[in-house]
Each structure stands twice: as C-alpha cells, then as structure tokens.
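Structure file final18.cif (mmCIF, C-alpha atoms) follows.
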data_upload
#
loop_
_atom_site.label_atom_id
_atom_site.label_comp_id
_atom_site.auth_asym_id
_atom_site.auth_seq_id
_atom_site.Cartn_x
_atom_site.Cartn_y
_atom_site.Cartn_z
CA MET A 1 5.53 46.63 -11.22
CA THR A 2 5.68 44.89 -14.62
CA GLU A 3 2.98 42.98 -16.48
CA SER A 4 3.85 39.35 -17.24
CA PRO A 5 2.60 37.54 -20.35
CA ALA A 6 0.17 35.56 -18.22
CA GLY A 7 -1.50 38.73 -16.98
CA THR A 8 0.04 38.56 -13.51
CA THR A 9 2.28 41.32 -12.17
CA GLN A 10 5.73 40.54 -10.79
CA ILE A 11 6.67 42.69 -7.80
CA THR A 12 10.28 42.11 -6.91
CA ALA A 13 11.32 43.20 -3.43
CA GLY A 14 14.38 42.79 -1.27
CA ALA A 15 17.99 42.35 -2.28
CA PRO A 16 18.92 42.47 -5.99
CA GLY A 17 19.32 39.10 -7.65
CA ILE A 18 16.62 37.31 -5.70
CA PRO A 19 14.80 35.11 -8.30
CA THR A 20 11.29 36.26 -9.14
CA GLN A 21 8.60 34.27 -7.27
CA GLN A 22 11.11 32.81 -4.78
CA VAL A 23 10.93 33.50 -1.05
CA GLY A 24 14.48 33.58 0.27
CA ILE A 25 13.80 32.62 3.87
CA PRO A 26 16.86 31.99 6.09
CA HIS A 27 16.02 28.40 6.84
CA HIS A 28 17.42 24.92 6.41
CA PRO A 29 17.60 24.17 2.65
CA GLU A 30 15.66 20.91 3.08
CA SER A 31 12.63 22.78 4.44
CA PRO A 32 9.72 23.50 2.08
CA LEU A 33 9.98 27.15 3.21
CA TRP A 34 13.29 27.50 1.37
CA THR A 35 11.72 27.21 -2.09
CA ALA A 36 8.24 28.57 -1.35
CA THR A 37 6.45 31.06 -3.60
CA ILE A 38 4.41 34.03 -2.33
CA LEU A 39 1.30 34.76 -4.38
CA LEU A 40 -0.69 37.88 -3.62
CA VAL A 41 -4.29 37.81 -4.91
CA GLU A 42 -5.50 41.39 -4.56
CA ASP A 43 -7.27 43.76 -6.98
CA ASP A 44 -6.32 46.98 -5.17
CA ALA A 45 -2.98 48.36 -6.39
CA GLY A 46 -2.52 50.40 -3.20
CA ASP A 47 -2.89 47.33 -0.98
CA ALA A 48 -0.55 45.37 -3.26
CA LEU A 49 2.10 48.09 -2.97
CA LEU A 50 1.67 48.05 0.82
CA VAL A 51 2.29 44.30 0.95
CA GLU A 52 5.33 44.72 -1.29
CA GLU A 53 6.82 47.37 1.00
CA MET A 54 6.21 45.27 4.10
CA LEU A 55 7.91 42.27 2.55
CA ALA A 56 10.86 44.50 1.62
CA ASP A 57 11.10 45.67 5.25
CA SER A 58 10.68 42.17 6.70
CA GLU A 59 13.30 39.51 7.31
CA LEU A 60 12.07 37.71 4.21
CA ASP A 61 14.35 38.40 1.25
CA SER A 62 11.46 37.84 -1.06
CA ALA A 63 10.00 38.18 -4.51
CA LEU A 64 6.26 38.42 -4.98
CA THR A 65 3.80 37.44 -7.71
CA TRP A 66 0.66 39.59 -7.84
CA CYS A 67 -2.60 38.44 -9.42
CA LYS A 68 -5.55 40.82 -9.63
CA THR A 69 -8.24 38.14 -10.05
CA LEU A 70 -8.88 34.66 -8.79
CA GLY A 71 -8.83 33.35 -12.36
CA GLU A 72 -5.27 34.64 -12.83
CA ALA A 73 -4.29 33.12 -9.48
CA ARG A 74 -5.69 29.71 -10.41
CA THR A 75 -3.80 29.78 -13.71
CA PHE A 76 -0.60 30.57 -11.81
CA LEU A 77 -1.18 27.81 -9.26
CA CYS A 78 -1.77 25.23 -11.98
CA ALA A 79 1.65 26.04 -13.45
CA SER A 80 3.56 26.32 -10.16
CA THR A 81 5.72 23.44 -8.96
CA ALA A 82 7.06 25.01 -5.73
CA PRO A 83 5.19 25.25 -2.41
CA VAL A 84 2.96 28.35 -2.46
CA CYS A 85 1.75 30.71 0.25
CA VAL A 86 -1.29 32.61 -1.04
CA LEU A 87 -2.08 36.03 0.46
CA LEU A 88 -5.76 36.11 -0.45
CA ASP A 89 -8.17 39.03 -0.45
CA LEU A 90 -11.77 37.85 -0.25
CA HIS A 91 -13.26 40.68 -2.32
CA LEU A 92 -12.13 40.20 -5.92
CA PRO A 93 -13.72 41.09 -9.26
CA ASP A 94 -14.55 37.44 -10.05
CA VAL A 95 -15.30 36.00 -6.60
CA HIS A 96 -16.54 37.23 -3.26
CA GLY A 97 -16.23 35.83 0.24
CA LEU A 98 -15.21 32.38 1.42
CA ASP A 99 -15.77 30.86 -1.99
CA ALA A 100 -12.34 32.25 -2.87
CA VAL A 101 -10.72 29.94 -0.30
CA ARG A 102 -12.63 26.97 -1.63
CA GLN A 103 -11.59 27.63 -5.21
CA ILE A 104 -7.93 28.08 -4.28
CA LEU A 105 -7.95 24.74 -2.45
CA GLU A 106 -9.71 23.06 -5.37
CA THR A 107 -6.95 24.32 -7.65
CA ASP A 108 -4.03 23.52 -5.36
CA GLY A 109 -4.82 21.58 -2.22
CA GLU A 110 -1.19 21.90 -1.11
CA ALA A 111 -1.19 25.72 -1.05
CA ALA A 112 -0.96 27.52 2.30
CA ILE A 113 -3.49 30.36 2.52
CA VAL A 114 -3.38 33.56 4.56
CA VAL A 115 -6.63 35.52 4.16
CA LEU A 116 -6.47 39.34 4.12
CA THR A 117 -9.54 40.94 5.75
CA GLY A 118 -10.75 44.40 6.64
CA LEU A 119 -10.96 45.77 10.15
CA GLU A 120 -14.58 44.68 10.50
CA ASP A 121 -14.09 41.20 8.98
CA SER A 122 -12.32 39.26 11.74
CA GLY A 123 -15.29 36.88 11.93
CA THR A 124 -14.90 36.18 8.23
CA GLY A 125 -11.20 35.50 8.80
CA LEU A 126 -12.01 32.90 11.44
CA ARG A 127 -14.54 31.24 9.14
CA ALA A 128 -11.90 31.20 6.39
CA VAL A 129 -9.51 29.34 8.71
CA ALA A 130 -12.29 26.88 9.53
CA GLY A 131 -12.77 26.45 5.78
CA GLY A 132 -9.17 25.49 5.09
CA ALA A 133 -7.00 28.63 5.32
CA GLN A 134 -4.00 28.52 7.63
CA ASP A 135 -4.30 32.08 9.02
CA TYR A 136 -5.87 35.50 8.49
CA LEU A 137 -4.52 39.05 8.78
CA VAL A 138 -6.35 42.36 9.18
CA LYS A 139 -5.07 44.80 6.54
CA GLY A 140 -5.22 47.82 8.83
CA ARG A 141 -2.99 46.12 11.36
CA LEU A 142 -0.35 44.75 9.05
CA GLY A 143 3.35 45.18 9.78
CA PRO A 144 6.52 43.63 8.36
CA GLU A 145 7.04 41.34 11.34
CA ILE A 146 3.40 40.25 11.48
CA LEU A 147 3.31 39.54 7.76
CA SER A 148 6.60 37.63 7.83
CA ARG A 149 5.51 35.53 10.78
CA ALA A 150 2.12 34.76 9.21
CA ILE A 151 3.76 33.53 5.99
CA ARG A 152 6.22 31.36 7.90
CA TYR A 153 3.57 29.90 10.19
CA ALA A 154 1.12 29.26 7.34
CA LEU A 155 3.71 27.29 5.39
CA GLN A 156 4.71 25.36 8.51
CA ARG A 157 1.10 24.59 9.39
CA LYS A 158 0.49 23.34 5.87
CA GLU A 159 3.51 21.07 6.16
CA VAL A 160 2.20 19.75 9.47
CA GLU A 161 -1.18 19.09 7.81
CA ARG A 162 0.57 17.13 5.04
CA ALA A 163 2.50 15.08 7.60
CA ALA A 164 -0.68 14.42 9.59
CA ALA A 165 -2.52 13.35 6.44
CA ALA A 166 0.34 11.01 5.52
CA LEU A 167 0.25 9.56 9.05
CA ARG A 168 -3.51 9.00 8.81
CA ALA A 169 -3.03 7.32 5.45
CA ASN A 170 -0.36 5.04 6.93
CA GLN A 171 -2.62 4.20 9.85
CA LEU A 172 -5.50 3.37 7.51
CA MET A 173 -3.14 1.23 5.45
CA ALA A 174 -2.03 -0.62 8.59
CA GLN A 175 -5.65 -1.19 9.60
CA GLU A 176 -6.51 -2.44 6.12
CA ASN A 177 -3.47 -4.69 6.19
CA ALA A 178 -4.62 -6.16 9.48
CA ARG A 179 -8.10 -6.83 8.07
CA LEU A 180 -6.64 -8.48 4.99
CA GLU A 181 -4.29 -10.51 7.15
CA ARG A 182 -7.18 -11.88 9.18
CA GLY A 183 -8.90 -12.86 5.95
CA LEU A 184 -5.95 -14.21 3.98
CA LEU A 185 -3.93 -15.75 6.77
CA PRO A 186 -6.34 -17.51 9.13
CA VAL A 187 -5.61 -19.65 12.16
CA PRO A 188 -5.77 -23.33 11.13
CA LEU A 189 -8.99 -25.00 12.27
CA LEU A 190 -7.64 -28.18 13.87
CA ARG A 191 -9.65 -30.31 16.27
CA ASP A 192 -6.70 -31.97 18.05
CA ASP A 193 -2.92 -31.82 18.29
CA LEU A 194 -2.34 -34.89 16.11
CA PHE A 195 -1.70 -32.76 13.04
CA ARG A 196 0.81 -29.92 12.79
CA ALA A 197 0.55 -26.89 10.52
CA ARG A 198 3.17 -24.14 10.35
CA ALA A 199 2.67 -21.10 8.12
CA ARG A 200 4.66 -18.03 7.11
CA TYR A 201 3.72 -15.05 4.98
CA GLU A 202 5.98 -12.23 3.75
CA PRO A 203 4.61 -9.36 1.62
CA GLY A 204 6.74 -8.43 -1.39
CA ARG A 205 8.61 -5.12 -1.60
CA VAL A 206 6.51 -3.86 -4.52
CA HIS A 207 3.39 -3.55 -2.36
CA GLY A 208 3.16 -2.90 1.34
CA LEU A 209 -0.22 -4.53 1.75
CA LEU A 210 -0.96 -8.18 1.54
CA SER A 211 -1.85 -9.33 -1.93
CA GLY A 212 -3.56 -12.34 -3.48
CA ASP A 213 -1.65 -15.20 -1.79
CA PHE A 214 -3.88 -17.19 0.56
CA TYR A 215 -3.97 -20.46 2.48
CA ASP A 216 -6.09 -22.36 4.99
CA VAL A 217 -6.18 -25.62 6.96
CA VAL A 218 -9.37 -27.28 8.23
CA GLN A 219 -9.91 -30.57 10.06
CA THR A 220 -13.41 -32.00 9.70
CA ALA A 221 -15.34 -34.05 12.26
CA ASP A 222 -14.05 -37.36 10.85
CA SER A 223 -10.45 -36.17 11.58
CA THR A 224 -9.64 -35.68 7.89
CA VAL A 225 -7.40 -32.64 7.36
CA HIS A 226 -7.94 -30.41 4.32
CA ALA A 227 -5.41 -27.75 3.25
CA VAL A 228 -5.19 -25.23 0.45
CA ILE A 229 -2.70 -22.67 -0.82
CA GLY A 230 -3.38 -20.29 -3.68
CA ASP A 231 -2.12 -17.25 -5.54
CA VAL A 232 -4.34 -14.73 -7.36
CA SER A 233 -2.51 -13.10 -10.26
CA GLY A 234 -1.66 -9.42 -9.87
CA HIS A 235 -1.09 -7.23 -6.85
CA GLY A 236 -3.39 -4.84 -5.09
CA ALA A 237 -6.53 -4.49 -3.02
CA ALA A 238 -8.79 -6.13 -5.61
CA GLU A 239 -6.58 -9.23 -5.80
CA ALA A 240 -6.29 -9.37 -2.00
CA ALA A 241 -10.06 -9.16 -1.62
CA LEU A 242 -10.50 -11.91 -4.21
CA GLY A 243 -8.00 -14.06 -2.32
CA VAL A 244 -10.02 -13.62 0.88
CA CYS A 245 -13.20 -14.51 -1.01
CA LEU A 246 -11.66 -17.71 -2.39
CA ARG A 247 -10.28 -18.77 0.98
CA VAL A 248 -13.60 -18.27 2.76
CA ALA A 249 -15.43 -20.09 -0.03
CA TRP A 250 -12.98 -23.00 0.19
CA ARG A 251 -13.40 -23.31 3.96
CA THR A 252 -17.17 -23.21 3.61
CA ALA A 253 -17.10 -25.89 0.92
CA VAL A 254 -14.92 -28.14 3.08
CA LEU A 255 -17.16 -27.77 6.13
CA CYS A 256 -20.22 -28.49 3.97
CA GLY A 257 -18.69 -31.79 2.82
CA THR A 258 -18.08 -30.81 -0.81
CA SER A 259 -15.81 -33.26 -2.63
CA HIS A 260 -12.21 -32.41 -3.44
CA VAL A 261 -12.72 -31.76 -7.15
CA GLU A 262 -16.01 -29.95 -6.59
CA GLN A 263 -14.24 -27.55 -4.22
CA ILE A 264 -11.87 -26.43 -6.98
CA ALA A 265 -14.66 -26.12 -9.55
CA LEU A 266 -16.56 -23.96 -7.08
CA LEU A 267 -13.50 -21.73 -6.56
CA GLU A 268 -13.24 -21.19 -10.30
CA GLU A 269 -16.91 -20.21 -10.54
CA ILE A 270 -16.45 -17.69 -7.73
CA LEU A 271 -13.24 -16.31 -9.20
CA VAL A 272 -14.89 -15.74 -12.59
CA ALA A 273 -17.89 -14.09 -10.95
CA GLU A 274 -15.88 -11.83 -8.62
CA ARG A 275 -12.79 -10.86 -10.61
CA SER A 276 -12.57 -7.28 -11.88
CA ASP A 277 -10.61 -8.22 -15.01
CA ALA A 278 -11.13 -11.16 -17.34
CA HIS A 279 -7.38 -11.79 -17.37
CA VAL A 280 -7.18 -12.47 -13.61
CA PHE A 281 -6.54 -16.11 -12.74
CA ALA A 282 -5.52 -18.10 -9.69
CA THR A 283 -3.24 -21.05 -9.07
CA VAL A 284 -4.19 -23.49 -6.32
CA THR A 285 -2.90 -26.63 -4.63
CA SER A 286 -5.34 -28.50 -2.41
CA LEU A 287 -4.52 -31.45 -0.13
CA VAL A 288 -6.59 -34.00 1.75
CA PHE A 289 -4.97 -35.98 4.58
CA PRO A 290 -7.13 -39.01 5.47
CA PRO A 291 -7.21 -39.94 9.17
CA ASP A 292 -5.32 -43.21 8.49
CA ARG A 293 -2.16 -41.02 8.06
CA ARG A 294 -0.79 -43.30 5.34
CA SER A 295 -1.32 -41.07 2.29
CA VAL A 296 -2.26 -37.64 1.02
CA GLN A 297 -4.46 -36.70 -1.93
CA ILE A 298 -3.10 -33.81 -3.98
CA LEU A 299 -4.93 -31.64 -6.51
CA ARG A 300 -2.98 -28.99 -8.43
CA ALA A 301 -4.47 -26.21 -10.57
CA GLY A 302 -1.52 -24.50 -12.24
CA HIS A 303 0.34 -24.18 -8.93
CA PRO A 304 4.05 -25.01 -8.37
CA GLY A 305 5.11 -28.38 -7.00
CA LEU A 306 5.77 -29.06 -3.33
CA LEU A 307 8.47 -30.42 -1.05
CA LEU A 308 8.19 -33.83 0.64
CA ARG A 309 10.19 -34.17 3.87
CA GLU A 310 10.99 -37.67 5.14
CA GLY A 311 13.47 -37.80 7.97
CA THR A 312 16.22 -35.34 7.01
CA GLY A 313 15.69 -35.91 3.29
CA VAL A 314 13.81 -33.52 1.02
CA THR A 315 12.43 -34.27 -2.45
CA TRP A 316 10.54 -32.21 -5.00
CA VAL A 317 7.05 -33.57 -5.73
CA GLU A 318 5.08 -32.42 -8.76
CA PRO A 319 2.03 -34.61 -9.30
CA GLU A 320 -0.02 -34.34 -12.46
CA GLY A 321 -2.26 -31.26 -12.38
CA GLY A 322 -4.67 -29.15 -14.38
CA MET A 323 -4.74 -25.56 -15.59
CA ALA A 324 -5.00 -22.51 -13.36
CA LEU A 325 -8.47 -21.34 -12.38
CA GLY A 326 -10.07 -18.81 -14.68
CA LEU A 327 -7.91 -19.33 -17.76
CA LEU A 328 -10.60 -21.26 -19.64
CA PRO A 329 -13.63 -21.17 -17.34
CA GLY A 330 -15.55 -24.43 -17.30
CA MET A 331 -12.92 -26.28 -19.32
CA GLY A 332 -10.56 -27.23 -16.50
CA ARG A 333 -9.90 -30.83 -15.51
CA TRP A 334 -8.05 -31.39 -12.26
CA PRO A 335 -6.94 -34.96 -11.50
CA THR A 336 -6.40 -36.03 -7.92
CA VAL A 337 -3.18 -37.90 -7.14
CA ASP A 338 -2.60 -40.02 -4.04
CA ILE A 339 0.95 -40.38 -2.72
CA PRO A 340 2.01 -42.48 0.27
CA LEU A 341 3.24 -40.84 3.45
CA SER A 342 5.76 -42.44 5.80
CA PRO A 343 5.34 -41.85 9.55
CA GLY A 344 6.43 -38.32 10.50
CA ALA A 345 6.61 -37.12 6.88
CA GLY A 346 5.87 -33.48 6.13
CA LEU A 347 4.73 -31.62 3.03
CA VAL A 348 5.72 -28.03 2.30
CA LEU A 349 3.52 -25.89 0.04
CA PHE A 350 4.47 -22.40 -1.18
CA THR A 351 3.63 -19.70 -3.67
CA ASP A 352 6.01 -18.88 -6.51
CA GLY A 353 7.33 -15.76 -4.79
CA LEU A 354 9.57 -18.07 -2.75
CA PHE A 355 11.70 -19.15 -5.72
CA GLU A 356 11.18 -16.45 -8.36
CA GLY A 357 13.33 -13.82 -6.61
CA ARG A 358 16.67 -12.89 -8.16
CA ASP A 359 19.87 -14.37 -6.77
CA GLY A 360 22.12 -12.81 -9.42
CA PRO A 361 22.12 -9.99 -11.99
CA GLU A 362 20.60 -12.26 -14.64
CA SER A 363 19.40 -15.27 -12.63
CA ARG A 364 16.68 -16.34 -10.23
CA LEU A 365 16.68 -18.84 -7.38
CA GLY A 366 14.33 -21.15 -9.28
CA GLU A 367 12.96 -24.52 -8.28
CA GLU A 368 16.37 -26.22 -8.34
CA GLY A 369 17.86 -23.55 -6.11
CA LEU A 370 14.95 -23.82 -3.69
CA LEU A 371 15.34 -27.60 -3.51
CA ALA A 372 19.07 -27.27 -2.82
CA MET A 373 18.32 -24.80 -0.02
CA ALA A 374 15.68 -27.15 1.40
CA GLU A 375 18.07 -30.11 1.32
CA ALA A 376 20.68 -28.08 3.20
CA ASN A 377 18.14 -27.37 5.94
CA GLY A 378 16.46 -30.79 6.02
CA HIS A 379 17.57 -31.42 9.60
CA LEU A 380 15.54 -28.50 10.99
CA PRO A 381 12.12 -28.82 12.67
CA ALA A 382 9.09 -27.53 10.79
CA SER A 383 8.98 -23.90 11.97
CA ALA A 384 12.73 -23.41 11.67
CA PHE A 385 12.72 -25.08 8.25
CA VAL A 386 10.08 -22.67 6.94
CA ASP A 387 11.95 -19.68 8.39
CA ALA A 388 15.19 -20.88 6.80
CA LEU A 389 13.60 -21.10 3.36
CA VAL A 390 12.13 -17.59 3.55
CA ALA A 391 15.31 -16.11 5.02
CA GLY A 392 17.49 -17.81 2.40
CA ALA A 393 15.35 -16.58 -0.49
CA ALA A 394 15.25 -13.05 0.94
CA GLU A 395 18.99 -12.97 1.58
CA GLY A 396 19.77 -14.08 -1.95
CA ALA A 397 17.47 -11.45 -3.43
CA ALA A 398 18.56 -8.61 -1.12
CA PRO A 399 21.42 -7.30 -3.36
CA TYR A 400 18.97 -7.17 -6.29
CA GLY A 401 16.10 -5.27 -4.71
CA GLY A 402 14.66 -7.96 -2.44
CA LEU A 403 11.75 -10.30 -3.01
CA ALA A 404 9.40 -8.59 -5.44
CA ASP A 405 6.46 -10.93 -4.93
CA ASP A 406 4.56 -12.12 -1.86
CA VAL A 407 5.73 -15.36 -0.24
CA ALA A 408 3.42 -17.82 1.49
CA VAL A 409 4.74 -21.11 2.91
CA LEU A 410 2.74 -23.88 4.59
CA HIS A 411 4.35 -26.88 6.38
CA LEU A 412 1.92 -29.76 7.02
CA GLY A 413 2.09 -33.23 8.51
CA TRP A 414 0.79 -35.64 11.10
CA GLY A 415 2.32 -35.54 14.55
CA SER A 416 2.24 -33.25 17.59
CA GLU A 417 4.80 -30.55 18.32
CA ASP A 418 6.78 -33.03 20.39
CA ASP A 419 7.20 -35.17 17.25
CA GLU A 420 8.61 -32.37 15.04
CA HIS A 421 11.81 -33.37 13.28
#
Show me the file's structure as structure tokens.
Amino acid sequence: MTESPAGTTQITAGAPGIPTQQVGIPHHPESPLWTATILLVEDDAGDALLVEEMLADSELDSALTWCKTLGEARTFLCASTAPVCVLLDLHLPDVHGLDAVRQILETDGEAAIVVLTGLEDSGTGLRAVAGGAQDYLVKGRLGPEILSRAIRYALQRKEVERAAAALRANQLMAQENARLERGLLPVPLLRDDLFRARARYEPGRVHGLLSGDFYDVVQTADSTVHAVIGDVSGHGAAEAALGVCLRVAWRTAVLCGTSHVEQIALLEEILVAERSDAHVFATVTSLVFPPDRRSVQILRAGHPGLLLREGTGVTWVEPEGGMALGLLPGMGRWPTVDIPLSPGAGLVLFTDGLFEGRDGPESRLGEEGLLAMAEANGHLPASAFVDALVAGAAEGAAPYGGLADDVAVLHLGWGSEDDEH
C-alpha cells in the first residue's frame, strides 16, 4: 500500500501493468464496465487487505483505490471522470450508518454502491439498497467470486437505472410536447365547410420540443373568418408557453368581438406582461376574411410577407405593416390593408423558419427562393402545396444540418375541399 498525495491509498492488484484505479473487466470495450473505477471506503486496514486479496483472486484484473474516510472518498469522486463502483463500509470515522450512502449519492449520483456490512447487519444492507445502493455484501461471507459478481451487477444495475431515467425523461418530454402541441397548434374553429384551412408544423433540429411559433383560425357567428400566425423570439419552454398564451388570448379576443387592431394591441400587452426577458418579442400576421369572400384584411406586426395563390399562379404579397410586438411597448402602429380576392384564391402564411434555412455553404433559401419553389408547385392543391414547400425547404437544408428553426405554414381560402385547386 502507498499513500497518495490526496490522502488516499492505492492498492494495486492483479497482473502487472494494469493502470491504477482501472478495473480491467473482460467485457465489450463500449460497456461502462470496461473503464470503471473501484473505490473502497473502509477505515480498517485488515478489511482493506482482505478486499485487495479477493480482487486479486477474482476474474477482475483490477486496481483499487482505498479511502479511509468519507471525506477522502468524496474528494476522489469529485475528481473522477470514469464510472465508479464504491465498496462502502457504513462505520467510518466521519460518518455512521445510512447517511454514508446519502452523502456518496449527493457527491456522485452516477456512482454504483455496494455496501459492506457485518454479519448482524443484513437489515441495514437492505435499507441501504432501498436508499439508493445497488447491492450489499456481508464481510464475513465474502469470496472472490461473490465480490466480483457484486461489482459487475452493481455497475450494470446503475447503467440500467441511467437508461430508465433517460427513458422517463424522454417520455415526459413527449408528454410535454403533446401538451404544447394542443396549445400551439389547435384545430381550426370553423362553423361550416365553406372555408378551407390547411396547416403544417415542423419543429427545428435545434430543439426537440415545439417552440414559440403559433397559429389559429376562428370563424365567428357572422361567418367572418379570422386567422393569425405568430413567432415568439427564442427557443425553449418559456417561449412555447408564451406562444400558447398569445394564441389563447387572440382566440378569446376574436370571440369577444374585439376589433382587428385592438386584438394586436392586446397581444402586445400580454406579451410584455408575461415574457421572462425584456428582449423577447413576437412577430404576427393577422387576417380577417369577410363573409362576402371578395377581399381580405391583413395586419402585419414585423412578420414576413405571404403568398397569394390565384389559379396556378403564385405571387409574393407584403402589405404595409408595423413593428414587432414588444420592441417598443405602447408605441406600435399597425395599419390594416385590404386586398381583393378572386374566386378560389388562397393565401399562404408562414414563419421565417421556412425560408431562413441554408441551401448552400454560404447561402440561405430566402424569400426569392421560397417564391420560386412556390411557383414551381402552383398547380398543387392546398395540402400538397404546403407539404411541397416544407419538404423542399427541408431537402435543401439537409446537407447543411437541416432546418434550424421551427416551421409553421397556414393555407387559407374560401371554398370546400371539393373546390381545392
């Protein structure tokens, strides 16, 4: 045994040349067992020598680090980068009982723990396992095979726990995603089949969850159709929650008969009140389709333009607009612009993720590229047209990491499904 500078003792057992602190277990190199460290926390030199001899006689070509106190063990664990199996005595100079297990887990929650108990302490061993240890061994019944198997199984159980925790996290993420989806991407509230609305949402590669893009479509009792699409700056749960808040507020305002401009002013008030950072803003485009079907009223707050489909032709429309919500609270002015609609015409709204993806090492698709893609697919019906735009943007960005931002697309227009061009 030799004293290390840190106060721990290195006990090297097994074949010469085995690196100190490494457990040379005959196992697949990709397994965490291959690079695991064995740490013995034991104040009795006789028991430490016994463990060393058993490891030397076992199938584990191993090297062992011995700490005499829990404090030394915690210092070692803080510096260790490899998976660790801790052989832990519960009666140490600086800690006694199950508190030792708790402190080890507080220091390194990834460590596998095998508790060493006396002949009369099997109940304590079971309680240690219930408290987070992977196994327990009775010192008086130790043998090379039992010790080797306990170390292997403890490391494997810890790996299974990690995998189970990751699975639970993924399941929770999926559930959260579903809740956000219900909030951000609602079913259009249409009273008849005289208006068609087709929507598509694709989360960006940077974040698995939905983010701040949102949209909604509502038809009021007088048959007027209201639609909105928006994009909260940033990515993450806070932005997604704010997007849900804005969408619900917009729908409520529409159903309460709030005027077009007042709806947007209300959204800005809510955004300013609910945002977690003063730099967060939102872009919005809001449309009103009167029941006479001859025009549409457009209000833009910092949002990109839109596509107008007439027959097989597609044009880019960018009516006069105002600043994004939240940039200068209370100072925004958002003009409404009426444009005529020919029979069967459709309008396509989208967030900037659709055209800001890369299509070359130093270039992006851009608005001109999106328009060219739309013109090439102008013959397609609404749903297929939307799918073609998203697929085209994704395909162009695929060699350069894919679409980094969320994409929301909304295709709107009068006419039933049978009338789709």
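Distance check against Trp414 (chain A) using only C-alpha atoms: of A:Glu310, A:Glu59, A:Glu72, A:Asp213, the minimum falls on A:Glu310.
Relative to CA of Tyr153 (chain A), CA of Val114 (chain A) is found at 9.7 Å.
Among the candidates A:Gly396, A:Gly330, A:Pro304, A:Gly109, the residue lying nearest to Gly132 (chain A) is A:Gly109 (atoms considered: all atoms listed in the file).
Remark: for Leu189 (chain A), the closest of the candidate residues A:Ala227, A:Leu77, A:Val261, A:Ala376 is A:Ala227 (distances computed over all atoms listed in the file).
When all atoms listed in the file are used to measure the gap to Ala221 (chain A), the shortest distance among A:Ser295, A:Glu202, A:Leu255, A:Pro361 belongs to A:Leu255.
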- [ ] Quick one: apply the PyMOL selection byres ((chain A and resi 85-90) around 9) to the file and drop the selected residues here as a PyMOL selection string.
- [x] chain A and resi 36-43+73+83-84+91-92+95-101+104+111-117+136+151-152+154-155
Starting from the displayed file, determine the output of the PyMOL selection byres ((chain A and resi 313-322) around 8) and express the residue list as a PDB file with C-alpha atoms, in the coordinates of the input.
ATOM      1  CA  ILE A 298      -3.100 -33.810  -3.980  1.00  0.00           C
ATOM      2  CA  LEU A 299      -4.930 -31.640  -6.510  1.00  0.00           C
ATOM      3  CA  ARG A 300      -2.980 -28.990  -8.430  1.00  0.00           C
ATOM      4  CA  ALA A 301      -4.470 -26.210 -10.570  1.00  0.00           C
ATOM      5  CA  GLY A 302      -1.520 -24.500 -12.240  1.00  0.00           C
ATOM      6  CA  PRO A 304       4.050 -25.010  -8.370  1.00  0.00           C
ATOM      7  CA  GLY A 305       5.110 -28.380  -7.000  1.00  0.00           C
ATOM      8  CA  LEU A 306       5.770 -29.060  -3.330  1.00  0.00           C
ATOM      9  CA  LEU A 307       8.470 -30.420  -1.050  1.00  0.00           C
ATOM     10  CA  LEU A 308       8.190 -33.830   0.640  1.00  0.00           C
ATOM     11  CA  ARG A 309      10.190 -34.170   3.870  1.00  0.00           C
ATOM     12  CA  GLU A 310      10.990 -37.670   5.140  1.00  0.00           C
ATOM     13  CA  GLY A 311      13.470 -37.800   7.970  1.00  0.00           C
ATOM     14  CA  THR A 312      16.220 -35.340   7.010  1.00  0.00           C
ATOM     15  CA  MET A 323      -4.740 -25.560 -15.590  1.00  0.00           C
ATOM     16  CA  ALA A 324      -5.000 -22.510 -13.360  1.00  0.00           C
ATOM     17  CA  GLY A 332     -10.560 -27.230 -16.500  1.00  0.00           C
ATOM     18  CA  ARG A 333      -9.900 -30.830 -15.510  1.00  0.00           C
ATOM     19  CA  TRP A 334      -8.050 -31.390 -12.260  1.00  0.00           C
ATOM     20  CA  PRO A 335      -6.940 -34.960 -11.500  1.00  0.00           C
ATOM     21  CA  THR A 336      -6.400 -36.030  -7.920  1.00  0.00           C
ATOM     22  CA  VAL A 337      -3.180 -37.900  -7.140  1.00  0.00           C
ATOM     23  CA  LEU A 371      15.340 -27.600  -3.510  1.00  0.00           C
ATOM     24  CA  ALA A 374      15.680 -27.150   1.400  1.00  0.00           C
ATOM     25  CA  GLU A 375      18.070 -30.110   1.320  1.00  0.00           C
ATOM     26  CA  GLY A 378      16.460 -30.790   6.020  1.00  0.00           C
ATOM     27  CA  HIS A 379      17.570 -31.420   9.600  1.00  0.00           C
TER      28      HIS A 379
END
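Using all atoms listed in the file, the nearest neighbour of Leu185 (chain A) within the list A:Leu410, A:Val296, A:Val348, A:Ala150 is A:Leu410.
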